[in-house]
4 protein chains.
Amino acid sequence: MFVESIKSPGLAQLSYLIGDGGEAAVIDPRRDCEIYAEKAREKGCRITHIFETHRNEDLISGAPILAQLTGAAVHHGPNPAGDVTYADTVREGDDFTFGSMRLKVLETPGHTDDSLSFAIYDQDFGDQAIGVFTGDALFVGDVGRTDFYPDRKEEVAGLLYDSLQKILSLGNQAILYPAHGAGSVCGDNMADRDFSTLGYERKYNPMLQIGDRKKFIEKKVAEHHEQPPYFRNMEQLNLDGSAPAARVVTPPVLDADDFYRLIEKAEVIDVRGVTAYLGAHIPGSLAIPCDMIPAFAGWFLDPEDEIVLVADSSSQAQAAARHLARIGFDRVPGFLNTALPGWAAAARPFSSTAVVDADTVKARVQGEDRDWQLLDVRGKKEVEQGTVPGATTIYLGHLPEQLQRLPKGGHYTVMCASGARATIGASILQRSGFENVDVFLGSMGAWKASGNSVIE
Amino acid sequence: MFVESIKSPGLAQLSYLIGDGGEAAVIDPRRDCEIYAEKAREKGCRITHIFETHRNEDLISGAPILAQLTGAAVHHGPNPAGDVTYADTVREGDDFTFGSMRLKVLETPGHTDDSLSFAIYDQDFGDQAIGVFTGDALFVGDVGRTDFYPDRKEEVAGLLYDSLQKILSLGNQAILYPAHGAGSVCGDNMADRDFSTLGYERKYNPMLQIGDRKKFIEKKVAEHHEQPPYFRNMEQLNLDGSAPAARVVTPPVLDADDFYRLIEKAEVIDVRGVTAYLGAHIPGSLAIPCDMIPAFAGWFLDPEDEIVLVADSSSQAQAAARHLARIGFDRVPGFLNTALPGWAAAARPFSSTAVVDADTVKARVQGEDRDWQLLDVRGKKEVEQGTVPGATTIYLGHLPEQLQRLPKGGHYTVMCASGARATIGASILQRSGFENVDVFLGSMGAWKASGNSVIE
Amino acid sequence: MFVESIKSPGLAQLSYLIGDGGEAAVIDPRRDCEIYAEKAREKGCRITHIFETHRNEDLISGAPILAQLTGAAVHHGPNPAGDVTYADTVREGDDFTFGSMRLKVLETPGHTDDSLSFAIYDQDFGDQAIGVFTGDALFVGDVGRTDFYPDRKEEVAGLLYDSLQKILSLGNQAILYPAHGAGSVCGDNMADRDFSTLGYERKYNPMLQIGDRKKFIEKKVAEHHEQPPYFRNMEQLNLDGSAPAARVVTPPVLDADDFYRLIEKAEVIDVRGVTAYLGAHIPGSLAIPCDMIPAFAGWFLDPEDEIVLVADSSSQAQAAARHLARIGFDRVPGFLNTALPGWAAAARPFSSTAVVDADTVKARVQGEDRDWQLLDVRGKKEVEQGTVPGATTIYLGHLPEQLQRLPKGGHYTVMCASGARATIGASILQRSGFENVDVFLGSMGAWKASGNSVIE
Amino acid sequence: MFVESIKSPGLAQLSYLIGDGGEAAVIDPRRDCEIYAEKAREKGCRITHIFETHRNEDLISGAPILAQLTGAAVHHGPNPAGDVTYADTVREGDDFTFGSMRLKVLETPGHTDDSLSFAIYDQDFGDQAIGVFTGDALFVGDVGRTDFYPDRKEEVAGLLYDSLQKILSLGNQAILYPAHGAGSVCGDNMADRDFSTLGYERKYNPMLQIGDRKKFIEKKVAEHHEQPPYFRNMEQLNLDGSAPAARVVTPPVLDADDFYRLIEKAEVIDVRGVTAYLGAHIPGSLAIPCDMIPAFAGWFLDPEDEIVLVADSSSQAQAAARHLARIGFDRVPGFLNTALPGWAAAARPFSSTAVVDADTVKARVQGEDRDWQLLDVRGKKEVEQGTVPGATTIYLGHLPEQLQRLPKGGHYTVMCASGARATIGASILQRSGFENVDVFLGSMGAWKASGNSVIE
């Protein structure tokens with residue numbers, strides 16, 4: 001009997017291959033799903049079932065693709081929004097057997113109406129659960145978001161409260177297997193640890209310390225979460241069943257001429273590291289460092305966009321294309337195969353972005369340059385815990401639509417927590433024609449570590 | 001914060017890399033220990049500490065080697081048998097910190113006098129343990145052996161009882177991380193599952209259902225376990241600190257001439273699969289299929305032996321040499337690089353071993369051939385649950401020293417549970433000059449599945 | 001500028017990735033063609049052209065698949081048999097440029113009417129060729145077969161002679177890049193070496209020592225080559241353009257029950273090693289050891305067959321499925337995931353095949369058992385160089401259709417050069433109901449090495 | 001019979017594994033030499049001999065290490081500078097056999113006194129060579145340097161001329177296997193292609209077109225080559241036999257605190273890409289992008305230095321450490337595991353380097369700022385083909401020792417061909433206290449492509 005977790009970095013999504021006695025199931029497969037078939041084969045197992053804890057809004061489900069690949073059946077919870085075309089519907093109490101392992105379905109709505117949990121039992125031992133897959137209902141250190149039904153806020157928060165009680169009733173001994181770990185946009189306060197038990201969460205998960213249903217609802221309703229625009233697309237695709245990602249995910253190599261031909265109609269995304277972009281980049285490119293794609297590409301790109309990459313290496317381009325494919329951006333005709341010195345040696349244009357440190361920012365804050373603006377692109381909750389006096393705050397995801405608030409001729413210093421998101425922000429300004437933009441490297445971290453005061 | 005388990009197949013040994021905040025520890029590293037350094041690097045961590053749950057008797061500890069490789073300190077429990085030369089001594093209550101993770105030492109003697117457990121805590125959450133590393137004290141579904149101190153049987157069984165209470169007092173919420181999984185010779189009744197919690201074990205582990213210390217001791221003292229002779233060597237090496245395994249573990253390729261030169265003074269081990277050996281093999285070779293090396297090589301080989309392999313491929317030879325190195329057999333000058341047809345095509349000698357099925361064995365059992373003997377090489381506990389009427393029972397590990405009980409001119413059919421161990425047994429007979437030997441393929445499984453009666 | 005060869009084992013097929021300055025071409029891609037895209041990416045190149053030296057009869061071309069994957073154009077020679085649907089037609093003197101490399105087309109018919117060669121030049125250096133891709137016209141140590149147009153034997157042999165003169169006229173300095181290496185069925189006398197030059201071949205290739213066109217034709221017309229029946233299928237597919245191989249080539253794992261369900265309508269192929277089959281196998285299975293699939297599967301299987309594998313491991317099953325896919329056998333619903341001891345332990349049936357050595361065969365040859373027959377399954381040319389007195393000779397590929405020549409009740413010993421092909425032969429007899437079959441392990445090699453006489 | 005080349009990037013060093021019939025030899029193994037043992041095993045071969053074409057001055061020979069690993073004998077040419085302690089001496093006409101392959105020794109001095117070439121023959125075919133390993137005597141498109149014996153310039157150039165005649169006398173049909181490919185410091189005019197034949201070189205290698213011994217000598221004596229200071233260390237190590245590189249080449253991970261502790265006494269090398277360094281770097285660090293280490297680390301580092309790396313990833317740190325180990329820099333206690341934004345967020349210091357384009361440089365050239373200096377760090381031969389008017393030229397390798405020529409208070413723009421070497425140069429200036437330094441990105445390439453004039 002085995003439970004193996006497969007984690008997708010960036011999205012911090014946890015999927016699972018479980019099984020016994022030659023048969024296996026996958027819980028919440030991601031889109032690039034060959035990995036489950038390979039791991040099953042290594043274990044000498046055949047994948048016969050695929051379970052979805054809910055219709056995902058932050059990534060494309062691989063369930064319909066894996067089903068085609070393996071012949072396995074897909075199971076989904078009852079979904080009032082419409083039928084999940086590639087799955088059958090399972091309900092409270094349905095169960096499935098894999099060798100000595102029994103899996104039992106629990107309906108645990110709240111995060112979504114169709115949310116399920118799956119308890120597993122070792123029939124060789126006893127009738128209490130050894131583990132439970134909780135999807136986006138219960139995380140390590142946090143519980144699921146309940147902001148997807150704006151008209152029914154209180155109701156769904158209450159549903160989640162009830163679902164959590166149902167899960168906890170499985171007993172302290174059960175191991176917790178959630179659908180996300182720390183870093184996911186699906187929860188703010190997850191522990192930086194992917195393992196826990198119901199017993200441990202019951203004692204220490206802050207949201208499970210709220211004994212009162214009403215107070216729990218109040219707390220949930222007051223939470224603030226961002227919803228990147230690509231969520232809508234994910235939801236639709238996860239009803240209809242998405243296409244498999246292109247067979248060869250790595251984008252082809254482009255030389256400078258091919259590249260020029262494409263950039264007229266394509267978005268140029270620079271997926272190199274933060275400092276590489278700052279040092280020199282192609283004018284008009286949008287900086288989204290490879291590992292930040294899962295969190296930010298969905299704010300700035302449209303599924304119809306053609307996306308040309310600037311990458312350090314083909315393996316970086318491959319990783320970027322994989323991140324993009326997981327959230328529905330498949331149109332990547334290639335990546336530029338020229339480092340910036342080579343690019344520049346052919347007299348092609350380049351830009352760079354200056355960096356400033358805390359002392360410089362402090363001097364500017366205290367200075368009198370009215371054209372200068374400090375732009376803090378962190379999220380609402382971070383900003384509430386304090387920012388630099390005088391900073392303008394616009395969340396990075398909202399920056400493109402808020403640009404008209406910013407005078408074009410001004411001088412902007414962009415900041416976040418460290419300078420990484422600030423670099424994305426600076427690239428948005430620069431490609432929109434702002435000419436005097438720099439990045440506060442170190443940002444809020446450096447500001448505080450240097451002993452400067454903050455305002456809340 | 002992470003806990004990653006590394007399992008060595010065959011030995012079913014579980015070691016762990018744990019850590020947080022850029023620092024990591026390894027618990028019970030195996031001899032081929034580069035894997036820990038590599039995994040730590042992937043996680044961006046430096047290994048600063050190595051913990052041993054006890055002095056292992058069934059495998060060579062990699063602690064002194066990994067210490068040299070990484071500069072980490074090694075920690076071992078108080079050992080009345082003498083100082084572990086490469087480690088310092090830690091005691092009840094000592095603790096260590098890795099980022100937000102705290103690790104606390106528990107003395108849990110019984111399996112060995114120096115047995116330790118290590119509880120881990122997430123300091124960001126609370127003061128109860130999130131997990132515990134129990135070494136050979138507590139397994140999933142079983143508890144440790146207590147047969148290593150023949151003069152103090154009751155005493156050490158009682159010590160183990162007390163240690164288990166100490167472990168359980170950490171609370172139901174704690175995840176269990178033992179030093180072995182199913183398949184290990186360190187316990188007979190382990191679950192076929194590597195994950196559990198203290199809460200689950202408290203409810204379902206049969207040995208933890210014995211509430212009475214005295215009854216627990218009686219049960220433990222009555223248990224039967226085998227002790228392969230190589231255990232002595234492991235114990236000594238794990239006091240003194242073993243040499244690193246040879247840098248390139250794969251044995252060199254030998255052509256038939258090199259091979260002939262070596263086999264005069266070397267043991268020839270055929271590590272191919274069971275049926276490959278049966279089909280044709282080199283006369284005088286001992287069959288130990290690659291994945292059975294951890295369980296059986298230590299019964300038949302001496303650390304001073306030179307060992308020449310017959311393998312299907314260089315990757316099989318490499319796996320075999322790795323299995324051998326983990327239990328102290330380093331002298332492997334090479335493997336034969338010729339398949340048997342090629343070997344035979346040069347008019348070199350070969351043998352084969354006939355197989356028989358349940359019907360044939362039944363006919364022989366009912367027949368009157370007094371020279372025929374059915375030889376059951378399974379272990380004591382298996383035989384007690386029933387064997388074929390009339391079978392002679394000698395445990396495979398004891399076969400070499402018991403051969404004088406068997407008349408050389410007889411006709412032998414060797415059996416076990418399926419025919420795999422029987423093939424090893426047949427090879428022992430054949431290379432000792434027995435000429436009329438066959439293997440009951442399917443063995444006890446086929447005997448019962450065919451509806452034949454057994455005697456207990 | 002680079003030339004990288006990719007060799008497919010078994011078929012001994014050589015394909016090439018060549019290029020310069022960011023652009024690349026593939027010559028004679030095989031069906032599982034992702035490897036070319038990956039290698040091009042590593043080199044920072046984009047594949048823009050695919051060249052076929054001729055319509056292959058022994059394997060499926062990957063050209064149409066790779067074209068779809070990369071957008072490259074496919075180029076083929078003028079083909080009187082009909083249009084290659086996925087390619088355009090190139091002719092003598094056409095040329096293509098990749099950075100500093102120029103590739104020039106030579107029409108070199110003979111092996112097939114559409115055979116092309118491609119000479120390459122380094123434009124930075126000079127106007128003589130640095131290398132030439134000769135397809136199946138010229139090999140290292142041999143020249144191409146001319147037996148594919150039975151009505152035009154002399155004509156096509158003469159065409160080949162002329163084509164070889166054209167190739168040699170490129171000069172001694174040119175490196176030779178043929179489409180096959182030693183082990184291919186496309187030539188009998190290839191050197192066991194994949195590298196040569198036109199200068200070296202001119203001096204030492206035996207067929208190039210025949211200075212006289214007429215004598216060359218006589219020699220070619222007198223040659224004997226086998227044509228496995230799957231060749232017809234390849235030829236058709238390589239006109240029409242084949243489907244890509246299934247996305248996941250590894251067949252799924254089957255447990256014994258799944259396996260039983262399938263074998264009623266499927267062929268069971270045992271792809272384990274020779275001795276593993278001999279030791280124990282599933283009754284009715286056909287032995288084709290994995291690395292012998294390219295040479296023999298096409299004689300015994302039909303493209304419509306469902307093929308269930310018996311393999312030692314999933315990696316062996318994967319290799320077998322890949323070999324099968326390259327020659328057009330795609331319907332592989334799975335492989336059995338149980339070793340024979342486990343299979344037998346459930347009281348399922350098994351067989352084994354006895355082996356005999358040279359002394360036993362000699363005794364039988366000299367004996368008087370009129371029911372015994374020695375069956376030599378080697379090819380015509382091998383048999384002509386001598387066999388065991390009294391042996392019946394039927395080439396392995398023809399065995400199924402010749403079985404009616406052999407009385408069912410007889411006792412057969414099958415031989416070849418070493419015992420490997422003999423094992424395939426024995427399995428054909430056994431699954432056709434012959435009950436008294438054994439294999440001469442060592443075969444002709446052992447017979448001669450033991451000093452026995454042969455008849456020619 | 002096989003010849004497989006193994007190329008070490010950066011050094012562009014070519015080593016070879018050759019063999020037949022189960023026995024293999026390695027020619028010019030590099031220091032990290034496990035790769036030869038692995039490849040030999042894949043081919044089913046045992047390495048029995050190691051040949052060195054000469055005592056290398058640009059890299060550490062792996063011969064003594066590989067000899068220890070495999071038991072093979074090492075063969076070296078007669079060396080007047082003293083005995084190569086780990087090798088025996090072979091001479092003109094000595095030969096060795098590997099299956100059907102015969103290898104014959106040719107003494108071909110000139111590049112060094114101990115230079116050998118090795119001709120190989122296929123004994124199954126004929127008595128002319130099929131290939132020749134020429135070491136640093138003959139390259140594709142160039143011949144070896146003769147600047148290592150300053151007192152005997154004419155003599156050794158003449159020796160090389162004679163050696164080349166000896167090599168060419170093997171015949172046009174022989175394939176050329178040199179010890180370096182394009183990019184090596186061992187020749188300036190090598191073709192960007194690793195394959196050729198003696199016939200092709202005889203026709204097109206410019207140095208082989210010089211028919212007159214005297215003119216050849218004149219030409220060689222007039223050549224200019226750089227000799228990085230680490231060459232002396234290589235020469236000594238390659239007499240004495242070097243230590244194996246540390247077992248785990250990847251340097252351990254360092255957090256910022258570990259890093260601070262080390263940098264007081266260590267060199268900090270930033271091995272990230274050029275633009276990453278320009279964007280932000282740690283003050284005092286020396287920029288040597290990973291793939292430029294083989295060419296430049298030997299100019300700036302001392303074998304006794306401790307070297308701490310700044311890298312993007314552990315795999316980049318590993319590649320950097322491997323490059324360093326090949327040329328004798330083993331003391332790498334670790335690499336920094338923090339990206340610059342994280343580094344800066346703790347208020348730690350950072351710097352950046354501005355970039356300028358051709359228009360800016362042109363304006364400055366035409367301007368009147370007398371404090372400004374354009375610094376061209378390219379090599380002598382490049383500069384001779386033209387530079388920007390007014391540029392100061394100091395070869396990058398000589399920059400540290402020439403710094404006193406440059407006034408500290410000046411404003412410097414560093415240039416090379418593209419900006420890559422210029423970035424290394426800028427980092428040298430910056431860490432020596434020059435505060436006003438920028439990099440001409442695009443450099444000579446952009447200058448010319450923009451239509452500006454150059455002076456020669």
# chains A, B, ... in the order shown; residues from 1 in each chain; ligands from 1
call {"tool": "residues_around", "arguments": {"residues": "Ala87 (chain C)", "least_positions_apart": "2", "cutoff": "7 Å", "atoms": "only C-alpha atoms", "output": "PyMOL selection string"}}
result
chain C and resi 74-76+84-85+89
call {"tool": "closest_atom_pairs", "arguments": {"of": "chain C", "to": "chain B", "cutoff": "8 Å", "atoms": "only C-alpha atoms", "output": "JSON lines"}}
result
{"residue": "C:Gly273", "atom": "CA", "partner": "B:Ala276", "partner_atom": "CA", "distance": 7.4}
{"residue": "C:Val274", "atom": "CA", "partner": "B:Ala276", "partner_atom": "CA", "distance": 7.8}
{"residue": "C:Thr275", "atom": "CA", "partner": "B:Gly279", "partner_atom": "CA", "distance": 4.7}
{"residue": "C:Ala276", "atom": "CA", "partner": "B:Ala276", "partner_atom": "CA", "distance": 3.7}
{"residue": "C:Tyr277", "atom": "CA", "partner": "B:Gly279", "partner_atom": "CA", "distance": 7.1}
{"residue": "C:Leu278", "atom": "CA", "partner": "B:Gly279", "partner_atom": "CA", "distance": 4.7}
{"residue": "C:Gly279", "atom": "CA", "partner": "B:Gly279", "partner_atom": "CA", "distance": 3.4}
{"residue": "C:Ala280", "atom": "CA", "partner": "B:Thr275", "partner_atom": "CA", "distance": 5.8}
{"residue": "C:Leu340", "atom": "CA", "partner": "B:Thr275", "partner_atom": "CA", "distance": 7.3}
{"residue": "C:Pro341", "atom": "CA", "partner": "B:Ser418", "partner_atom": "CA", "distance": 5.1}
{"residue": "C:Gly342", "atom": "CA", "partner": "B:Ser418", "partner_atom": "CA", "distance": 6.0}
{"residue": "C:Trp343", "atom": "CA", "partner": "B:Gly442", "partner_atom": "CA", "distance": 7.3}
{"residue": "C:Ala344", "atom": "CA", "partner": "B:Gly442", "partner_atom": "CA", "distance": 4.1}
{"residue": "C:Ala345", "atom": "CA", "partner": "B:Gly442", "partner_atom": "CA", "distance": 3.6}
{"residue": "C:Ala346", "atom": "CA", "partner": "B:Ala446", "partner_atom": "CA", "distance": 5.3}
{"residue": "C:Ala347", "atom": "CA", "partner": "B:Ala446", "partner_atom": "CA", "distance": 4.2}
{"residue": "C:Arg348", "atom": "CA", "partner": "B:Ala446", "partner_atom": "CA", "distance": 7.8}
{"residue": "C:Ser352", "atom": "CA", "partner": "B:Val355", "partner_atom": "CA", "distance": 7.3}
{"residue": "C:Thr353", "atom": "CA", "partner": "B:Gly279", "partner_atom": "CA", "distance": 7.7}
{"residue": "C:Ala354", "atom": "CA", "partner": "B:Gly279", "partner_atom": "CA", "distance": 7.7}
{"residue": "C:Val355", "atom": "CA", "partner": "B:Ser352", "partner_atom": "CA", "distance": 7.4}
{"residue": "C:Ala358", "atom": "CA", "partner": "B:Ala347", "partner_atom": "CA", "distance": 7.6}
{"residue": "C:Ala417", "atom": "CA", "partner": "B:Ala345", "partner_atom": "CA", "distance": 7.4}
{"residue": "C:Ser418", "atom": "CA", "partner": "B:Ala345", "partner_atom": "CA", "distance": 5.1}
{"residue": "C:Gly419", "atom": "CA", "partner": "B:Pro341", "partner_atom": "CA", "distance": 5.5}
{"residue": "C:Ala420", "atom": "CA", "partner": "B:Pro341", "partner_atom": "CA", "distance": 6.3}
{"residue": "C:Leu441", "atom": "CA", "partner": "B:Pro341", "partner_atom": "CA", "distance": 5.9}
{"residue": "C:Gly442", "atom": "CA", "partner": "B:Ala345", "partner_atom": "CA", "distance": 3.6}
{"residue": "C:Ser443", "atom": "CA", "partner": "B:Ala345", "partner_atom": "CA", "distance": 6.2}
{"residue": "C:Met444", "atom": "CA", "partner": "B:Ala345", "partner_atom": "CA", "distance": 7.1}
{"residue": "C:Gly445", "atom": "CA", "partner": "B:Ala345", "partner_atom": "CA", "distance": 4.2}
{"residue": "C:Ala446", "atom": "CA", "partner": "B:Ala347", "partner_atom": "CA", "distance": 4.3}
{"residue": "C:Trp447", "atom": "CA", "partner": "B:Ala347", "partner_atom": "CA", "distance": 7.4}
{"residue": "C:Ala449", "atom": "CA", "partner": "B:Ala347", "partner_atom": "CA", "distance": 5.7}
{"residue": "C:Ser450", "atom": "CA", "partner": "B:Ala347", "partner_atom": "CA", "distance": 6.1}
call {"tool": "write_last_selection", "arguments": {"atoms": "N, CA and C atoms", "output": "short mmCIF file (atom, residue, chain, number, x, y, z; two decimals), in the first residue's frame"}}
result
data_model
loop_
_atom_site.label_atom_id
_atom_site.label_comp_id
_atom_site.auth_asym_id
_atom_site.auth_seq_id
_atom_site.Cartn_x
_atom_site.Cartn_y
_atom_site.Cartn_z
N GLY C 273 15.18 -13.07 -21.70
CA GLY C 273 16.36 -13.68 -22.30
C GLY C 273 16.12 -15.14 -22.65
N VAL C 274 17.03 -15.68 -23.47
CA VAL C 274 16.90 -17.05 -23.94
C VAL C 274 16.78 -18.05 -22.78
N THR C 275 17.69 -17.97 -21.81
CA THR C 275 17.67 -18.99 -20.76
C THR C 275 16.47 -18.85 -19.84
N ALA C 276 15.97 -17.63 -19.66
CA ALA C 276 14.77 -17.47 -18.84
C ALA C 276 13.60 -18.20 -19.48
N TYR C 277 13.48 -18.11 -20.80
CA TYR C 277 12.41 -18.86 -21.48
C TYR C 277 12.62 -20.35 -21.31
N LEU C 278 13.84 -20.79 -21.51
CA LEU C 278 14.11 -22.23 -21.40
C LEU C 278 13.77 -22.75 -20.01
N GLY C 279 14.09 -21.95 -18.97
CA GLY C 279 13.88 -22.39 -17.59
C GLY C 279 12.42 -22.59 -17.27
N ALA C 280 11.57 -21.65 -17.65
CA ALA C 280 10.13 -21.80 -17.44
C ALA C 280 9.43 -20.72 -18.23
N LEU C 340 7.72 -15.91 -13.12
CA LEU C 340 7.18 -17.26 -13.23
C LEU C 340 6.95 -17.95 -11.89
N PRO C 341 7.83 -17.78 -10.87
CA PRO C 341 7.52 -18.42 -9.59
C PRO C 341 6.17 -17.97 -9.03
N GLY C 342 5.91 -16.68 -9.11
CA GLY C 342 4.62 -16.19 -8.62
C GLY C 342 3.46 -16.71 -9.46
N TRP C 343 3.67 -16.73 -10.74
CA TRP C 343 2.67 -17.27 -11.66
C TRP C 343 2.34 -18.73 -11.28
N ALA C 344 3.39 -19.51 -11.09
CA ALA C 344 3.20 -20.94 -10.78
C ALA C 344 2.61 -21.13 -9.39
N ALA C 345 2.89 -20.20 -8.47
CA ALA C 345 2.42 -20.36 -7.09
C ALA C 345 0.90 -20.27 -7.01
N ALA C 346 0.27 -19.72 -8.05
CA ALA C 346 -1.19 -19.71 -8.09
C ALA C 346 -1.71 -20.92 -8.86
N ALA C 347 -0.86 -21.94 -8.99
CA ALA C 347 -1.23 -23.18 -9.67
C ALA C 347 -1.58 -22.97 -11.14
N ARG C 348 -0.96 -21.94 -11.72
CA ARG C 348 -1.15 -21.74 -13.15
C ARG C 348 -0.14 -22.58 -13.92
N SER C 352 8.72 -25.94 -19.52
CA SER C 352 10.13 -25.59 -19.66
C SER C 352 10.67 -26.34 -20.86
N THR C 353 11.85 -25.95 -21.32
CA THR C 353 12.45 -26.56 -22.51
C THR C 353 13.83 -27.08 -22.13
N ALA C 354 14.06 -28.33 -22.39
CA ALA C 354 15.35 -28.91 -22.01
C ALA C 354 16.45 -28.44 -22.96
N VAL C 355 17.67 -28.39 -22.43
CA VAL C 355 18.83 -28.06 -23.27
C VAL C 355 19.76 -29.27 -23.33
N ALA C 358 26.81 -30.59 -26.93
CA ALA C 358 27.36 -31.18 -28.16
C ALA C 358 27.54 -32.69 -28.02
N ALA C 417 23.33 -21.07 -34.50
CA ALA C 417 24.76 -20.85 -34.31
C ALA C 417 25.15 -21.00 -32.85
N SER C 418 24.26 -20.54 -31.92
CA SER C 418 24.61 -20.57 -30.50
C SER C 418 23.51 -21.18 -29.63
N GLY C 419 22.29 -21.18 -30.15
CA GLY C 419 21.15 -21.64 -29.36
C GLY C 419 20.08 -20.58 -29.19
N ALA C 420 20.38 -19.33 -29.59
CA ALA C 420 19.40 -18.26 -29.40
C ALA C 420 18.24 -18.38 -30.39
N LEU C 441 22.10 -26.10 -26.88
CA LEU C 441 22.73 -24.87 -26.41
C LEU C 441 24.20 -24.91 -26.80
N GLY C 442 24.64 -23.84 -27.46
CA GLY C 442 25.99 -23.83 -28.00
C GLY C 442 25.98 -24.09 -29.50
N SER C 443 25.07 -24.98 -29.94
CA SER C 443 24.79 -25.23 -31.35
C SER C 443 26.05 -25.35 -32.21
N MET C 444 26.04 -24.76 -33.39
CA MET C 444 27.13 -24.94 -34.34
C MET C 444 28.47 -24.53 -33.74
N GLY C 445 28.42 -23.46 -32.90
CA GLY C 445 29.66 -23.03 -32.26
C GLY C 445 30.26 -24.15 -31.44
N ALA C 446 29.45 -24.75 -30.59
CA ALA C 446 29.94 -25.81 -29.72
C ALA C 446 30.31 -27.05 -30.52
N TRP C 447 29.50 -27.33 -31.55
CA TRP C 447 29.78 -28.52 -32.38
C TRP C 447 31.18 -28.46 -32.96
N ALA C 449 33.67 -26.28 -32.01
CA ALA C 449 34.69 -26.11 -30.98
C ALA C 449 35.01 -27.42 -30.29
N SER C 450 34.06 -28.35 -30.36
CA SER C 450 34.31 -29.67 -29.78
C SER C 450 35.03 -30.60 -30.75
#
call {"tool": "select_by_dssp", "arguments": {"residues": "region 129-362 of chain B", "states": "strand (DSSP E)", "output": "list in words"}}
result
Gly131, Val132, Phe133, Thr134, Gly135, Ile175, Leu176, Tyr177, Pro178, Ser196, Thr197, Val253, Leu254, Glu267, Val268, Ile269, Asp270, Leu286, Ala287, Ile307, Val308, Leu309, Val310, Gly334, Phe335, Leu336, Ala354, Val355 and Val356 of chain B
call {"tool": "write_last_selection", "arguments": {"atoms": "C-alpha atoms", "output": "compact mmCIF listing (two decimals), in the first residue's frame"}}
result
# COMPACT_ATOMS: atom_id res chain seq x y z
CA GLY B 131 6.55 13.16 14.05
CA VAL B 132 8.88 10.63 15.62
CA PHE B 133 11.74 8.54 14.20
CA THR B 134 11.62 5.26 16.08
CA GLY B 135 14.45 3.23 14.57
CA ILE B 175 3.55 10.69 12.36
CA LEU B 176 5.57 7.49 12.67
CA TYR B 177 8.90 7.23 10.84
CA PRO B 178 10.45 3.79 11.47
CA SER B 196 1.28 5.53 9.94
CA THR B 197 0.78 7.62 13.07
CA VAL B 253 33.35 -6.49 -17.41
CA LEU B 254 35.06 -9.87 -17.67
CA GLU B 267 32.70 -17.56 -5.51
CA VAL B 268 30.55 -17.42 -8.66
CA ILE B 269 27.19 -15.84 -7.90
CA ASP B 270 24.49 -15.97 -10.55
CA LEU B 286 25.41 -20.20 -6.59
CA ALA B 287 22.04 -18.71 -7.57
CA ILE B 307 32.81 -12.71 -5.70
CA VAL B 308 32.46 -13.03 -9.46
CA LEU B 309 29.01 -12.32 -10.85
CA VAL B 310 27.00 -13.80 -13.69
CA GLY B 334 33.98 -8.37 -12.14
CA PHE B 335 31.03 -9.88 -13.90
CA LEU B 336 30.82 -12.22 -16.85
CA ALA B 354 14.54 -29.20 -14.13
CA VAL B 355 11.27 -27.84 -12.76
CA VAL B 356 8.28 -29.85 -11.65
call {"tool": "atom_distance", "arguments": {"atom1": "CA of Gln402 (chain B)", "atom2": "CA of Gly386 (chain B)"}}
result
21.5 Å
